[in-house]
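Participant: Would you mind keeping the following structure in view while I ask a few things?
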Amino acid sequence: QVRLVESGGGLVQAGGSLRLSCAASGRTFSSYAMGWFRQAPGKEREFVAAIRWSGGNTYYADSVKGRFTISRDNAKNTVFLQMNSLKPEDTAVYYCASRAGYYSGSNYNTPADFGSWGQGTQVTVSS
């Protein structure tokens, strides 16, 4: 089991920036990739971004491309999500998740493919 702890959420005005962090511990060697998902009230959890620990390949939802950047610090087992030009529609609880097992594809959109999840951090963007 990989334990994940998110931090960095908060309240920001539209156009502002936030940086989320996700610290992984436990069986981190079993993690192949990390993802960020978000869930707004009354909506399903949706994919935001993902990154592979090895090689650093990144993947983004169309709604955040050009505004959000996912990165990782392998030495610290930490993943980051830099969010710029935030919009009110980015308001949600943001979760980081760990995906185990080798995967050569580029589809990280499915929450069920991720076995470990953090508790989430609230991001609120005011207009």
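Identifiers in the structure tokens: chain A, B, ... in order shown; residue index from 1 per chain; ligand index from 1 in order shown.
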Can you list, as a PyMOL selection string, every protein, DNA or RNA residue that comes within 9 Å of range 8-16 of chain A when you count only C-alpha atoms, leaving out same-chain residues fewer than 3 positions away?
Facilitator: chain A and resi 19-22+83-88+93-94+120-127
Participant: Would you kindly return, as a list in words, each protein, DNA or RNA residue with an atom no farther than 9 Å from any atom of range 23-31 of chain A, considering only C-alpha atoms and excluding same-chain residues fewer than 3 positions away?
Facilitator: Gln1, Val2, Arg3, Leu4, Val5, Glu6, Ser7, Met34, Arg52, Trp53, Lys76, Asn77, Thr78, Val79, Phe80, Ser98, Arg99, Ala100, Gly101 and Tyr102 of chain A
Participant: For the residues selected in the previous step, produce a file with C-alpha atoms as a CSV table (one decimal), in the first residue's frame.
Facilitator:
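For reference, out.csv as written:
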```csv
chain,number,residue,atom,x,y,z
A,1,GLN,CA,0.0,0.0,0.0
A,2,VAL,CA,1.2,3.5,-0.9
A,3,ARG,CA,0.2,6.2,1.5
A,4,LEU,CA,-0.5,9.6,-0.1
A,5,VAL,CA,-0.8,13.0,1.6
A,6,GLU,CA,-1.8,16.1,-0.4
A,7,SER,CA,-1.2,19.7,0.7
A,34,MET,CA,1.0,9.3,-10.2
A,52,ARG,CA,5.4,8.5,-14.7
A,53,TRP,CA,8.0,8.1,-12.0
A,76,LYS,CA,11.5,12.8,-2.1
A,77,ASN,CA,8.7,10.6,-3.5
A,78,THR,CA,6.7,13.8,-4.1
A,79,VAL,CA,4.5,14.9,-6.9
A,80,PHE,CA,3.5,18.5,-7.6
A,98,SER,CA,-0.9,6.1,-7.4
A,99,ARG,CA,-1.0,3.6,-10.2
A,100,ALA,CA,0.9,0.3,-9.8
A,101,GLY,CA,2.3,-1.9,-12.5
A,102,TYR,CA,3.9,-1.2,-15.8
```
Participant: I'd like the neighbourhood of Asn109 in chain A as a list in words, where a residue qualifies if any of its atoms comes within 12 Å (using only C-alpha atoms), though same-chain residues fewer than 6 positions away should be ignored.
Facilitator: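 Residues meeting the cut-off are Met34, Gly35, Trp36, Phe37, Arg38, Arg45, Glu46, Phe47, Val48, Ala49, Ala50, Tyr59, Tyr60, Ala61, Asp62, Ala97 and Arg99 of chain A.
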Participant: Please return as JSON, numbers by chain: the residues of chain A that backbone DSSP assigns to strand (DSSP E or B).
Facilitator: {"A": [2, 3, 4, 5, 6, 7, 10, 11, 12, 13, 18, 19, 20, 21, 22, 23, 24, 25, 26, 31, 32, 33, 34, 35, 36, 37, 38, 39, 46, 47, 48, 49, 50, 51, 52, 58, 59, 60, 68, 69, 70, 71, 72, 73, 78, 79, 80, 81, 82, 83, 92, 93, 94, 95, 96, 97, 98, 99, 100, 116, 117, 121, 122, 123, 124, 125, 126]}
Participant: Can you pull out every residue from chain A that DSSP, working from the backbone, puts in helix (DSSP H, G or I), and format the result as a list in words?
Facilitator: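 The helix (DSSP H, G or I) residues within chain A come out as Thr28, Phe29, Ser30, Asn74, Ala75, Lys76, Pro88, Glu89, Asp90, Pro111, Ala112 and Asp113 of chain A.
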Participant: Give me, please, the distance in Å between CA of Arg67 in chain A and CA of Gly115 in chain A, quoted to one decimal.
Facilitator: 26.9 Å
Participant: Could you check the closest approach to Gly55 in chain A for each of A:Ala33, A:Leu18, A:Cys96, A:Ala112 and tell me which residue wins, using only C-alpha atoms?
Facilitator: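 So, comparing all the options, the nearest one is A:Ala33.
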Participant: Interatomic distance between CA of Asp90 in chain A and CA of Ala40 in chain A?
Facilitator: 8.4 Å
Participant: Nearest residue to Phe68 in chain A out of A:Thr91, A:Gln119, A:Thr110, A:Ser17, using only C-alpha atoms?
Facilitator: A:Ser17
Participant: How far is it from CA of Lys43 in chain A to CA of Val64 in chain A, in Å with one decimal?
Facilitator: 17.2 Å
